[in-house]
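Asker: Take a look at the following structure, please.
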Amino acid sequence: MKKAGWQPLWFILPTLLFIAVFSIWPIIQSFTYTFFDYQLNNQQKSGLYLSDRYNFDLFNETQTYVKLFMSEDRPHVTAEADRARIDGVLKQVDAANQQFKGKVKIQKISSAEEKQLSALDGRVTSVVQQINSKYKTPNGKNLAQVIKGYKESFIKSNFIGFRGYAQALTDPRLGNALWKTTLFTVVSVFIEFVLGLFLAMIMNKAIRGQGFIRTTSLIPWAIPTAVAALMWSYLYDGSSGIVANFFEKIGLVGNSSDLLLSAGGAMVSTIIADVWKTTPYMAILLLAGLQNIPESIYEAADIDGANKWQRFFRVTLPMLKPAILVALLFRTLDAFRVFDLIYVLTNGGPGGATESLSLYAYKTMFGQTNFGYGSVIVMLMFVCVAIIAVIFVKVLGTNLMDKN
Amino acid sequence: MKKTKLRTHWLGAALIVVFLFGMIFPFFWILITSFKPDGEIFGDGAFRIFAQHPTLNAYYEVLFNKNILTSVRNSLIVATTTTVYIIVIATFTAYAISRFRFPGKNLLLGLILAVSMFPQMIVVGPVYNMFLNLHLTNSFAVVLPYSTITLPIAVWILVTHFNQIPIALEESAKIDGASPLQILYKIVFPLAAPGVFTTAIIVFIAAWNEFLLTITLNSDSAYHTVPVAISFLRTQFQILWSEVSAATVIVTIPTLVIVLLFQKKIVSGLTSGGVKE
């Protein structure tokens, strides 16, 4: 090891920069989002507003239309007094335009300005109502719509503190997603581990065809999850899916079309697809661990008269423990954030039976554009992942850094 | 004794065959379906192995009318760009971690490990807002946030490989008066080349398979990569399985080629340091 002054900094700086911009900063942002009622498609909630503000873009637009419509309607107003009223309003609108000239987007305003803008809103609204009650002007209905812009320009603070988290505590859909994710993770990782270990042990013994077996196992791992999910959705298809048909023949499901349409069937199908895709990966990781166990230990065990089971439980498993824990940790975390597979295969259906936390968060954020609550769900995932990692590292003693 | 050994041998072989069948069957069935005309996919002929009237219609359709090749091209662009820039920055970082002693090194390793663990979903929202503000949505700038997935794996695998290179060579070069950069270019990189190559393949596959960032940041189908384009075949109102199959066959070919050519490298990449994916 060399001791070097500032040199290492230049070597690690680009990595630090990327991690800071695309990992750390977004996490902090997501955390901030959780304290706001932050909804992208709602004009009054599409930002993080700690204090009350005013939407000058909307204000300017409203002003322009009010002026245009009122000037157009003026000739249709017959009574002199009403015309004077319109002129008065137009003058006030112009004065406000002059005063707030150049202000764009969403800004903070002083309380004096706030009073003034409220007064303008009140004046314009009352005049428009008076005119509309007396006359049938061409733009009367439009005006009544447009002037709502004054009120909508006032943006209340959307800071909600911990209310997002409080909502999460009583959200049954979130509880369901958490349960479904946990179920999916535990069952699929367990099956993958048992099958993977079994396979690894057979592969470790096989003399011929190891290369072929390895290549074949790598293909499911290497293809994109979305592609694998689509393949399986064909195999599971109610009318032409061969796996669905096979399940019906051997009596696993009553009717092949029920497979993806029943809650249990959809979950089992998703788990099978995941097991198919990742068991080979697990097997390869465990095989590497098996190959690291020196043959001499087995020879010593043989001399001591150990039988097959003793060899497995007393030698193989303990020696394999580090490899097993690392493989399990990464697979558990991977399964816990499952997204592509479920998104393509079932999209969470039927009726949320396979909706994972990732999918729920995605639907909340990009389906309903509710970034605030979506971030609360994501934070819950973050906490779960941290707990899983701590359990593996502290309780089970997974050593991730021993090689470094 | 000999008899039981023979029996377990046959049992093992039989299990391997069952396993291989399970791994290959979905691909095999997709391949067969891609040659079937639509009429033979539904109804009585759905489970016949060979099509009675094999056709290349589905391939023609996805290649010339559904632009599946655009998504293959996009994936090649995205995966190659990601691989190149990630490998460059990860190599330097891994070298520093492996060779220098500096304060906060364990913190850096822990940070890199933590980044590889957390759910991707956590960065997607803020990154989407960032891209919206910088007008970067629907562009290949999507490769930049790909670093969240690929950079930690790359650094992790590379550190393992650098640690296996004896330090003595570098020390003697230093005595001969080589500068740190010279040492890096003339000694370390040539020795580390196999490890770097292994890492590059793993990063390439990870970038090729990325789904979430592309589907959120690039809604324009002109920028869809293979996984996203494929997922849109599913969400169409009517699912044409022959076309889905043909598209799957086409997009699986690049992956197949990579796996066949580099399977040993991939396995060594996967197993170094117990790295995920």
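Letters A, B, ... mark the chains of the structure tokens in the order given; residue numbers begin at 1 per chain; ligand numbers begin at 1, in order shown.
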Give me the residues within 10 Å of B:Leu31 as a ChimeraX atom specification, counting only C-alpha atoms and dropping any in the same chain fewer than 2 places off.

Answerer: /B:25-29,33-36,242,245-246,248-250

Asker: With 7 Å as the cut-off and only C-alpha atoms counted, what is the closest atom pair between each nearby residue of chain A and chain B? Distances in Å to one decimal, ordered by chain and number, as a Markdown table.

Answerer:
```
| residue | atom | partner | partner_atom | distance |
| --- | --- | --- | --- | --- |
| A:Met1 | CA | B:Arg99 | CA | 5.4 |
| A:Lys2 | CA | B:Phe100 | CA | 4.9 |
| A:Lys3 | CA | B:Arg101 | CA | 5.1 |
| A:Ala4 | CA | B:Phe100 | CA | 6.3 |
| A:Pro8 | CA | B:Ala96 | CA | 5.6 |
| A:Phe11 | CA | B:Phe92 | CA | 5.0 |
| A:Ile12 | CA | B:Thr93 | CA | 4.5 |
| A:Pro14 | CA | B:Ile89 | CA | 6.1 |
| A:Thr15 | CA | B:Ile89 | CA | 6.2 |
| A:Phe18 | CA | B:Ser147 | CA | 6.9 |
| A:Ile19 | CA | B:Thr148 | CA | 6.9 |
| A:Phe22 | CA | B:Pro145 | CA | 5.6 |
| A:Ser23 | CA | B:Thr148 | CA | 6.1 |
| A:Pro26 | CA | B:Val123 | CA | 5.0 |
| A:Ile27 | CA | B:Val123 | CA | 5.9 |
| A:Gln29 | CA | B:Pro126 | CA | 6.1 |
| A:Ser30 | CA | B:Pro126 | CA | 6.4 |
| A:Ile202 | CA | B:Gly12 | CA | 6.2 |
| A:Thr215 | CA | B:Gln263 | CA | 6.2 |
| A:Thr216 | CA | B:Leu20 | CA | 7.0 |
| A:Ser217 | CA | B:Met23 | CA | 6.8 |
| A:Leu218 | CA | B:Val259 | CA | 6.9 |
| A:Ile219 | CA | B:Leu256 | CA | 6.7 |
| A:Ala222 | CA | B:Thr255 | CA | 6.5 |
| A:Ile223 | CA | B:Thr255 | CA | 6.2 |
| A:Pro224 | CA | B:Asn209 | CA | 4.4 |
| A:Thr225 | CA | B:Asn209 | CA | 7.0 |
| A:Ala226 | CA | B:Pro227 | CA | 5.3 |
| A:Val227 | CA | B:Pro227 | CA | 6.0 |
| A:Leu230 | CA | B:Arg234 | CA | 6.9 |
| A:Tyr234 | CA | B:Trp241 | CA | 6.9 |
| A:Ser239 | CA | B:Phe42 | CA | 6.8 |
| A:Ser240 | CA | B:Phe42 | CA | 5.5 |
| A:Ile242 | CA | B:Phe47 | CA | 6.4 |
| A:Trp276 | CA | B:Met23 | CA | 6.9 |
| A:Leu285 | CA | B:Thr271 | CA | 5.6 |
| A:Ala288 | CA | B:Thr271 | CA | 6.4 |
| A:Val326 | CA | B:Gly274 | CA | 6.0 |
| A:Ala327 | CA | B:Gly274 | CA | 6.6 |
| A:Phe330 | CA | B:Lys276 | CA | 5.8 |
| A:Leu333 | CA | B:Met117 | CA | 6.6 |
| A:Arg337 | CA | B:Pro119 | CA | 5.7 |
| A:Asp340 | CA | B:Phe211 | CA | 6.7 |
| A:Val344 | CA | B:Ser231 | CA | 6.0 |
| A:Ser358 | CA | B:Met121 | CA | 6.5 |
| A:Phe371 | CA | B:Gly125 | CA | 6.9 |
| A:Val378 | CA | B:Ile122 | CA | 5.6 |
| A:Phe382 | CA | B:Phe118 | CA | 6.3 |
| A:Val385 | CA | B:Phe118 | CA | 6.5 |
| A:Lys403 | CA | B:Gly273 | CA | 6.8 |
```

Asker: Quick check for you: according to DSSP on this backbone, which residues of stretch 14-250 of chain A are classed as helix (DSSP H, G or I)? Reply as a ChimeraX atom specification.

Answerer: /A:14-33,56-76,80-99,111-134,140-146,148-153,163-169,172-205,210-222,225-235,242-249

Asker: I'd like the neighbourhood of stretch 266-272 of chain A as a list in words, where a residue qualifies if any of its atoms comes within 6 Å (using only C-alpha atoms), though same-chain residues fewer than 5 positions away should be ignored.

Answerer: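 Using only C-alpha atoms, the neighbours found are Ser188, Leu260 and Thr354 of chain A.
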
Asker: Selection from above, N, CA, C and O atoms, as a tab-separated table (two decimals), in the first residue's frame, can you write it?

Answerer:
```
chain	number	residue	atom	x	y	z
A	188	SER	N	-39.47	-16.97	-3.38
A	188	SER	CA	-38.63	-17.17	-4.57
A	188	SER	C	-37.16	-17.33	-4.18
A	188	SER	O	-36.48	-18.18	-4.74
A	260	LEU	N	-53.46	-16.72	-14.66
A	260	LEU	CA	-53.06	-15.35	-14.35
A	260	LEU	C	-54.22	-14.52	-13.81
A	260	LEU	O	-54.05	-13.38	-13.41
A	354	THR	N	-50.45	-9.24	-7.09
A	354	THR	CA	-49.00	-9.36	-7.26
A	354	THR	C	-48.34	-7.99	-7.26
A	354	THR	O	-47.26	-7.81	-7.80
```

Asker: Mind giving me the straight-line distance from atom CA of A:Lys151 to atom CA of A:Gly367 in Å, one decimal?

Answerer: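 Atom CA of A:Lys151 sits 27.7 Å away from atom CA of A:Gly367.
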
Asker: Please report, as an NGL selection string, each residue of stretch 96-171 of chain A to which DSSP assigns strand (DSSP E or B) when run on this structure's backbone.

Answerer: :A and (106-107 or 154-155 or 159)

Asker: Can you list, as a count of residues only, every protein, DNA or RNA residue that comes within 8 Å of stretch 96-110 of chain A when you count only C-alpha atoms, leaving out same-chain residues fewer than 4 positions away?

Answerer: 11
